[in-house]
Structure formats: C-alpha cells, structure tokens
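Coordinates from work-v3.pdb are shown below (PDB, C-alpha atoms and all ligand atoms).
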```pdb
ATOM      1  CA  MET A  30      18.607 -27.202  52.161  1.00  0.00           C
ATOM      2  CA  SER A  31      14.977 -27.292  51.098  1.00  0.00           C
ATOM      3  CA  THR A  32      13.999 -28.804  47.778  1.00  0.00           C
ATOM      4  CA  THR A  33      10.625 -27.076  47.765  1.00  0.00           C
ATOM      5  CA  LEU A  34      10.257 -24.900  44.719  1.00  0.00           C
ATOM      6  CA  THR A  35       8.546 -21.533  44.570  1.00  0.00           C
ATOM      7  CA  ALA A  36       5.417 -20.884  42.511  1.00  0.00           C
ATOM      8  CA  GLU A  37       7.567 -19.140  39.924  1.00  0.00           C
ATOM      9  CA  GLN A  38       9.831 -22.183  39.687  1.00  0.00           C
ATOM     10  CA  TYR A  39       6.851 -24.509  39.243  1.00  0.00           C
ATOM     11  CA  LEU A  40       5.562 -22.232  36.483  1.00  0.00           C
ATOM     12  CA  ALA A  41       8.982 -22.245  34.862  1.00  0.00           C
ATOM     13  CA  ARG A  42       8.977 -26.045  35.045  1.00  0.00           C
ATOM     14  CA  SER A  43       5.561 -26.188  33.341  1.00  0.00           C
ATOM     15  CA  ILE A  44       6.943 -24.031  30.539  1.00  0.00           C
ATOM     16  CA  GLN A  45       9.986 -26.297  30.259  1.00  0.00           C
ATOM     17  CA  LEU A  46       7.635 -29.285  29.959  1.00  0.00           C
ATOM     18  CA  ALA A  47       5.734 -27.483  27.195  1.00  0.00           C
ATOM     19  CA  THR A  48       8.907 -26.675  25.286  1.00  0.00           C
ATOM     20  CA  ALA A  49      10.298 -30.194  25.588  1.00  0.00           C
ATOM     21  CA  ASN A  50       6.956 -31.679  24.555  1.00  0.00           C
ATOM     22  CA  VAL A  51       7.170 -30.005  21.157  1.00  0.00           C
ATOM     23  CA  HIS A  52      10.279 -32.093  20.497  1.00  0.00           C
ATOM     24  CA  ASN A  53       8.278 -35.189  21.427  1.00  0.00           C
ATOM     25  CA  SER A  54       5.473 -34.722  18.880  1.00  0.00           C
ATOM     26  CA  GLY A  55       3.232 -32.990  21.428  1.00  0.00           C
ATOM     27  CA  GLY A  56       1.586 -29.612  21.634  1.00  0.00           C
ATOM     28  CA  PRO A  57       3.335 -26.682  23.341  1.00  0.00           C
ATOM     29  CA  PHE A  58       1.599 -27.043  26.680  1.00  0.00           C
ATOM     30  CA  GLY A  59       2.803 -28.342  30.039  1.00  0.00           C
ATOM     31  CA  ALA A  60       1.327 -28.551  33.521  1.00  0.00           C
ATOM     32  CA  MET A  61       2.210 -29.691  37.010  1.00  0.00           C
ATOM     33  CA  ILE A  62       0.157 -30.763  39.982  1.00  0.00           C
ATOM     34  CA  VAL A  63       1.731 -30.057  43.351  1.00  0.00           C
ATOM     35  CA  THR A  64      -0.083 -31.832  46.163  1.00  0.00           C
ATOM     36  CA  ALA A  65      -0.578 -30.407  49.615  1.00  0.00           C
ATOM     37  CA  ASP A  66       2.338 -32.498  50.865  1.00  0.00           C
ATOM     38  CA  GLY A  67       4.629 -31.415  48.027  1.00  0.00           C
ATOM     39  CA  ARG A  68       4.482 -34.339  45.628  1.00  0.00           C
ATOM     40  CA  THR A  69       4.584 -33.306  41.984  1.00  0.00           C
ATOM     41  CA  PHE A  70       3.047 -34.818  38.861  1.00  0.00           C
ATOM     42  CA  ASP A  71       3.734 -33.635  35.329  1.00  0.00           C
ATOM     43  CA  GLY A  72       1.429 -33.469  32.345  1.00  0.00           C
ATOM     44  CA  VAL A  73       1.919 -32.503  28.736  1.00  0.00           C
ATOM     45  CA  ASN A  74      -0.387 -32.004  25.788  1.00  0.00           C
ATOM     46  CA  ARG A  75      -0.833 -35.213  23.768  1.00  0.00           C
ATOM     47  CA  VAL A  76      -3.883 -34.232  21.685  1.00  0.00           C
ATOM     48  CA  THR A  77      -2.435 -34.756  18.224  1.00  0.00           C
ATOM     49  CA  ALA A  78       0.169 -37.330  19.208  1.00  0.00           C
ATOM     50  CA  ASP A  79      -2.397 -39.629  20.839  1.00  0.00           C
ATOM     51  CA  HIS A  80      -5.463 -38.589  18.795  1.00  0.00           C
ATOM     52  CA  ASP A  81      -7.141 -37.648  22.060  1.00  0.00           C
ATOM     53  CA  PRO A  82      -8.926 -34.271  22.128  1.00  0.00           C
ATOM     54  CA  THR A  83      -9.071 -34.408  25.931  1.00  0.00           C
ATOM     55  CA  ALA A  84      -5.318 -34.899  26.420  1.00  0.00           C
ATOM     56  CA  HIS A  85      -4.571 -31.324  27.408  1.00  0.00           C
ATOM     57  CA  ALA A  86      -1.560 -30.879  29.695  1.00  0.00           C
ATOM     58  CA  GLU A  87      -3.689 -30.048  32.721  1.00  0.00           C
ATOM     59  CA  VAL A  88      -5.902 -33.106  32.223  1.00  0.00           C
ATOM     60  CA  THR A  89      -2.931 -35.422  31.723  1.00  0.00           C
ATOM     61  CA  ALA A  90      -1.329 -34.045  34.901  1.00  0.00           C
ATOM     62  CA  ILE A  91      -4.584 -34.593  36.819  1.00  0.00           C
ATOM     63  CA  ARG A  92      -4.885 -38.128  35.424  1.00  0.00           C
ATOM     64  CA  THR A  93      -1.292 -38.941  36.371  1.00  0.00           C
ATOM     65  CA  ALA A  94      -1.672 -37.527  39.881  1.00  0.00           C
ATOM     66  CA  CYS A  95      -4.967 -39.300  40.535  1.00  0.00           C
ATOM     67  CA  ARG A  96      -3.764 -42.644  39.196  1.00  0.00           C
ATOM     68  CA  SER A  97      -0.491 -42.420  41.108  1.00  0.00           C
ATOM     69  CA  LEU A  98      -2.193 -41.472  44.358  1.00  0.00           C
ATOM     70  CA  GLY A  99      -5.155 -43.811  43.931  1.00  0.00           C
ATOM     71  CA  THR A 100      -7.721 -41.092  44.410  1.00  0.00           C
ATOM     72  CA  HIS A 101      -9.939 -38.723  42.451  1.00  0.00           C
ATOM     73  CA  ASP A 102      -9.624 -36.087  45.188  1.00  0.00           C
ATOM     74  CA  LEU A 103      -6.679 -33.693  44.944  1.00  0.00           C
ATOM     75  CA  THR A 104      -7.869 -31.375  47.705  1.00  0.00           C
ATOM     76  CA  GLY A 105      -5.149 -28.907  48.621  1.00  0.00           C
ATOM     77  CA  ALA A 106      -3.240 -29.370  45.369  1.00  0.00           C
ATOM     78  CA  VAL A 107      -2.140 -26.547  43.110  1.00  0.00           C
ATOM     79  CA  LEU A 108      -2.176 -26.709  39.326  1.00  0.00           C
ATOM     80  CA  TYR A 109       0.669 -24.913  37.555  1.00  0.00           C
ATOM     81  CA  THR A 110       0.208 -24.621  33.831  1.00  0.00           C
ATOM     82  CA  SER A 111       2.052 -23.028  30.948  1.00  0.00           C
ATOM     83  CA  CYS A 112      -1.156 -21.510  29.586  1.00  0.00           C
ATOM     84  CA  GLU A 113      -4.454 -20.315  31.007  1.00  0.00           C
ATOM     85  CA  PRO A 114      -6.612 -23.437  31.502  1.00  0.00           C
ATOM     86  CA  CYS A 115      -9.402 -23.904  28.975  1.00  0.00           C
ATOM     87  CA  PRO A 116     -12.963 -24.600  30.195  1.00  0.00           C
ATOM     88  CA  MET A 117     -12.425 -28.384  30.024  1.00  0.00           C
ATOM     89  CA  CYS A 118      -9.248 -28.204  32.094  1.00  0.00           C
ATOM     90  CA  LEU A 119     -10.793 -25.786  34.556  1.00  0.00           C
ATOM     91  CA  ALA A 120     -13.786 -28.071  34.985  1.00  0.00           C
ATOM     92  CA  SER A 121     -11.475 -31.075  35.398  1.00  0.00           C
ATOM     93  CA  ALA A 122      -9.543 -29.215  38.081  1.00  0.00           C
ATOM     94  CA  LEU A 123     -12.780 -28.405  39.864  1.00  0.00           C
ATOM     95  CA  TRP A 124     -13.922 -32.030  39.722  1.00  0.00           C
ATOM     96  CA  ALA A 125     -10.529 -33.069  41.128  1.00  0.00           C
ATOM     97  CA  ARG A 126     -10.994 -30.493  43.906  1.00  0.00           C
ATOM     98  CA  ILE A 127      -7.742 -28.738  43.088  1.00  0.00           C
ATOM     99  CA  GLU A 128      -7.349 -25.774  45.377  1.00  0.00           C
ATOM    100  CA  ARG A 129      -5.743 -23.192  43.094  1.00  0.00           C
ATOM    101  CA  SER A 130      -4.283 -22.730  39.666  1.00  0.00           C
ATOM    102  CA  SER A 131      -1.480 -20.600  38.362  1.00  0.00           C
ATOM    103  CA  SER A 132      -0.396 -19.732  34.859  1.00  0.00           C
ATOM    104  CA  PRO A 133       2.010 -17.183  33.396  1.00  0.00           C
ATOM    105  CA  ARG A 134      -0.915 -15.051  32.236  1.00  0.00           C
ATOM    106  CA  THR A 135      -2.358 -14.685  35.718  1.00  0.00           C
ATOM    107  CA  GLY A 136       1.106 -14.379  37.196  1.00  0.00           C
ATOM    108  CA  MET A 137      -0.006 -15.619  40.600  1.00  0.00           C
ATOM    109  CA  THR A 138      -2.124 -18.244  42.174  1.00  0.00           C
ATOM    110  CA  ARG A 139      -5.762 -17.510  42.659  1.00  0.00           C
ATOM    111  CA  PRO A 140      -7.516 -18.712  45.754  1.00  0.00           C
ATOM    112  CA  ARG A 141     -10.354 -21.062  45.131  1.00  0.00           C
ATOM    113  CA  SER A 142     -13.467 -19.018  45.637  1.00  0.00           C
ATOM    114  CA  ALA A 143     -16.869 -20.156  46.760  1.00  0.00           C
ATOM    115  CA  SER A 144     -18.106 -19.794  43.200  1.00  0.00           C
ATOM    116  CA  MET A 145     -15.533 -22.381  42.097  1.00  0.00           C
ATOM    117  CA  THR A 146     -17.324 -25.162  43.984  1.00  0.00           C
ATOM    118  CA  PRO A 147     -20.567 -25.400  42.003  1.00  0.00           C
ATOM    119  CA  PHE A 148     -20.836 -29.161  42.206  1.00  0.00           C
ATOM    120  CA  SER A 149     -19.859 -29.717  45.819  1.00  0.00           C
ATOM    121  CA  THR A 150     -22.119 -26.987  47.168  1.00  0.00           C
ATOM    122  CA  ASN A 151     -25.098 -27.602  44.924  1.00  0.00           C
ATOM    123  CA  THR A 152     -28.309 -28.863  46.312  1.00  0.00           C
ATOM    124  CA  SER A 153     -29.698 -29.219  42.815  1.00  0.00           C
ATOM    125  CA  ARG A 154     -28.222 -30.079  39.449  1.00  0.00           C
ATOM    126  CA  THR A 155     -31.411 -29.300  37.611  1.00  0.00           C
ATOM    127  CA  GLY A 156     -30.484 -25.720  36.883  1.00  0.00           C
ATOM    128  CA  THR A 157     -32.707 -24.235  39.540  1.00  0.00           C
ATOM    129  CA  GLY A 158     -30.053 -23.922  42.241  1.00  0.00           C
ATOM    130  CA  THR A 159     -28.451 -20.526  42.554  1.00  0.00           C
ATOM    131  CA  ASN A 160     -24.945 -21.963  42.203  1.00  0.00           C
ATOM    132  CA  CYS A 161     -25.771 -24.556  39.579  1.00  0.00           C
ATOM    133  CA  CYS A 162     -23.301 -24.675  36.734  1.00  0.00           C
ATOM    134  CA  ARG A 163     -21.903 -21.221  37.421  1.00  0.00           C
ATOM    135  CA  TRP A 164     -18.466 -20.676  35.992  1.00  0.00           C
ATOM    136  CA  PRO A 165     -15.871 -19.417  38.410  1.00  0.00           C
ATOM    137  CA  SER A 166     -14.895 -15.817  38.342  1.00  0.00           C
ATOM    138  CA  LEU A 167     -11.835 -15.262  36.183  1.00  0.00           C
ATOM    139  CA  SER A 168     -11.047 -11.876  37.681  1.00  0.00           C
TER     140      SER A 168
HETATM  141 ZN    ZN B 201      -7.422 -27.460  28.347  1.00  0.00          ZN
END
```

structure tokens encoding of this file:
Amino acid sequence: MSTTLTAEQYLARSIQLATANVHNSGGPFGAMIVTADGRTFDGVNRVTADHDPTAHAEVTAIRTACRSLGTHDLTGAVLYTSCEPCPMCLASALWARIERSSSPRTGMTRPRSASMTPFSTNTSRTGTGTNCCRWPSLS
C-alpha cells in the first residue's frame, strides 16, 4: 500500500494546517513542501504570533524544508498552499527553485514556466535584460 498522497490530499492537508493554526494563535494559512523524493515539510502562518511579517505559511514551509535538508535548493519540489501565494511567497518559492505550486483557487498545479525563472536565466540584473524582474504569468 502506497503512502503517497495525491495533490488534492496535499491541498486538503494544507487547509487542515491552516485551520489548526488558528487554534494556535496563528493566521488561517497553511502550506506544505513536497520534495521530488516525497518528503514533506509543513508551514503555517506565524505573522502575528511571532511578530514577523515574513512568516507566511509558504515561507515557513520553505524555511523548514531548507533547514531540514541543509540546502537552499528545492528543485523538483511542489508547494501546496491553502491560499494563493502572495508576491513575497511566490518570490521565495522562485528563489528556492520550487518546481510548481498548487492552491485551492487554482485547483491544480501549474508547471513552472520559463518566465518563472527570471533570476536563474538572467544575464543582467540591471533592468536591461529582457527577462529581468518579470513576474511569472498567473494565467
Ligand atoms: Zn505570502
């Protein structure tokens, strides 16, 4: 019997994390990182509880995964989140090289497109490169 969950089950788990977090003085947001080899790392919103404006669920999940794995590179990982990632979380996921994200609003995972790799494909960070600082397509 396989213990691998489906995307829908990971999304449901992120929502469960969000719900439980409210009872732990946190905001109603949860996220999970699932690595390419199936390891999972949870994150919940701790903005008000920890007085940390960057402690969104996605960021805390990325921090936990990176610290646990001893790397900043989560290539091949998928981010499941209870809410559409904000620009900070999306940028954090890009910096962590997360492959895809999924939230209840999108309803399915989105493949990482070429436009979602502005920093790794840039030849210039001065604003003159054609891909410099472009936001990924949200369609
Ligand atoms: Zn966020």

What residues have any atom no more than 9 Å from ligand ZN 201 (chain B) when counting all atoms listed in the file, and can you list them as a PyMOL selection string?
chain A and resi 74+83-88+112-119+121

Step by step: start from the point (7.5, -22.6, 30.9) in the file's coordinates, keep every protein, DNA or RNA residue that has an atom no farther than 10 Å from it, count only C-alpha atoms, and write the set as an mmCIF file with C-alpha atoms, in the coordinates of the input.
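Output saved as selection-v8.cif:
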```
data_model
loop_
_atom_site.group_PDB
_atom_site.id
_atom_site.type_symbol
_atom_site.label_atom_id
_atom_site.label_comp_id
_atom_site.auth_asym_id
_atom_site.auth_seq_id
_atom_site.Cartn_x
_atom_site.Cartn_y
_atom_site.Cartn_z
ATOM 1 C CA GLU A 37 7.567 -19.140 39.924
ATOM 2 C CA GLN A 38 9.831 -22.183 39.687
ATOM 3 C CA TYR A 39 6.851 -24.509 39.243
ATOM 4 C CA LEU A 40 5.562 -22.232 36.483
ATOM 5 C CA ALA A 41 8.982 -22.245 34.862
ATOM 6 C CA ARG A 42 8.977 -26.045 35.045
ATOM 7 C CA SER A 43 5.561 -26.188 33.341
ATOM 8 C CA ILE A 44 6.943 -24.031 30.539
ATOM 9 C CA GLN A 45 9.986 -26.297 30.259
ATOM 10 C CA LEU A 46 7.635 -29.285 29.959
ATOM 11 C CA ALA A 47 5.734 -27.483 27.195
ATOM 12 C CA THR A 48 8.907 -26.675 25.286
ATOM 13 C CA ALA A 49 10.298 -30.194 25.588
ATOM 14 C CA PRO A 57 3.335 -26.682 23.341
ATOM 15 C CA PHE A 58 1.599 -27.043 26.680
ATOM 16 C CA GLY A 59 2.803 -28.342 30.039
ATOM 17 C CA ALA A 60 1.327 -28.551 33.521
ATOM 18 C CA TYR A 109 0.669 -24.913 37.555
ATOM 19 C CA THR A 110 0.208 -24.621 33.831
ATOM 20 C CA SER A 111 2.052 -23.028 30.948
ATOM 21 C CA CYS A 112 -1.156 -21.510 29.586
ATOM 22 C CA SER A 132 -0.396 -19.732 34.859
ATOM 23 C CA PRO A 133 2.010 -17.183 33.396
#
```

For atom CA of A:His52 and atom CA of A:Ala94, determine how far apart the two atoms are, in Å to one decimal place.
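Separation of atom CA of A:His52 and atom CA of A:Ala94: 23.4 Å.
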
Place a sphere of radius 6 Å on (1.9, -34.3, 32.5) in the file coordinates and name every protein, DNA or RNA residue with an atom inside or on its surface, counting only C-alpha atoms; give the answer as JSON, numbers by chain.
{"A": [60, 71, 72, 73, 86, 89, 90]}

Go ahead and compute the interatomic distance for atom CA of A:Arg129 and atom CA of A:Ala78, in Å to one decimal.
28.4 Å

Ranking A:Ala106, A:Leu34, A:Ala125, A:Cys95 by minimum distance to A:Asp66 and counting only C-alpha atoms, which one comes first?
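Ranking A:Ala106, A:Leu34, A:Ala125, A:Cys95 by distance to A:Asp66, first place goes to A:Ala106.
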
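We find atom CA of A:Ser130 and atom CA of A:Leu98 to be spaced 19.4 Å apart.
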
With all atoms listed in the file as the atoms that count, which of A:Thr93, A:Asn53, A:Thr100, A:Ala120 lies nearest to A:Asp79?
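For A:Asp79, the nearest of the candidates is A:Asn53.
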
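Comparing the minimum interatomic distances between A:Val107 and each of A:Thr33, A:Gly56, A:Arg92, A:Thr69, counting only C-alpha atoms, we find that A:Thr69 sits nearest.
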
Taking all atoms listed in the file into account, which of A:Phe70, A:Thr77, A:Leu123, A:Val63 comes nearest A:Thr35?
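That would be A:Val63, the residue with the smallest distance to A:Thr35.
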
Kindly resolve the PyMOL selection byres (((chain A and resi 103) around 7) and not hetatm) on the present coordinates and return the residues as a VMD selection string.
chain A and resid 64 101 to 102 104 to 106 125 to 127

Output, as JSON, the centre and edge lengths in Å (one decimal) of the axis-aligned box that contains all listed atoms of stretch 104-112 of chain A with 8 Å of margin on each side.
```
{"center_x": -2.9, "center_y": -26.4, "center_z": 39.1, "size_x": 25.9, "size_y": 25.9, "size_z": 35.0}
```

Which of these, A:Arg96, A:Arg68, A:Ile91, A:Ala36, has the shortest distance to A:Trp124 once you count all atoms listed in the file?
A:Ile91
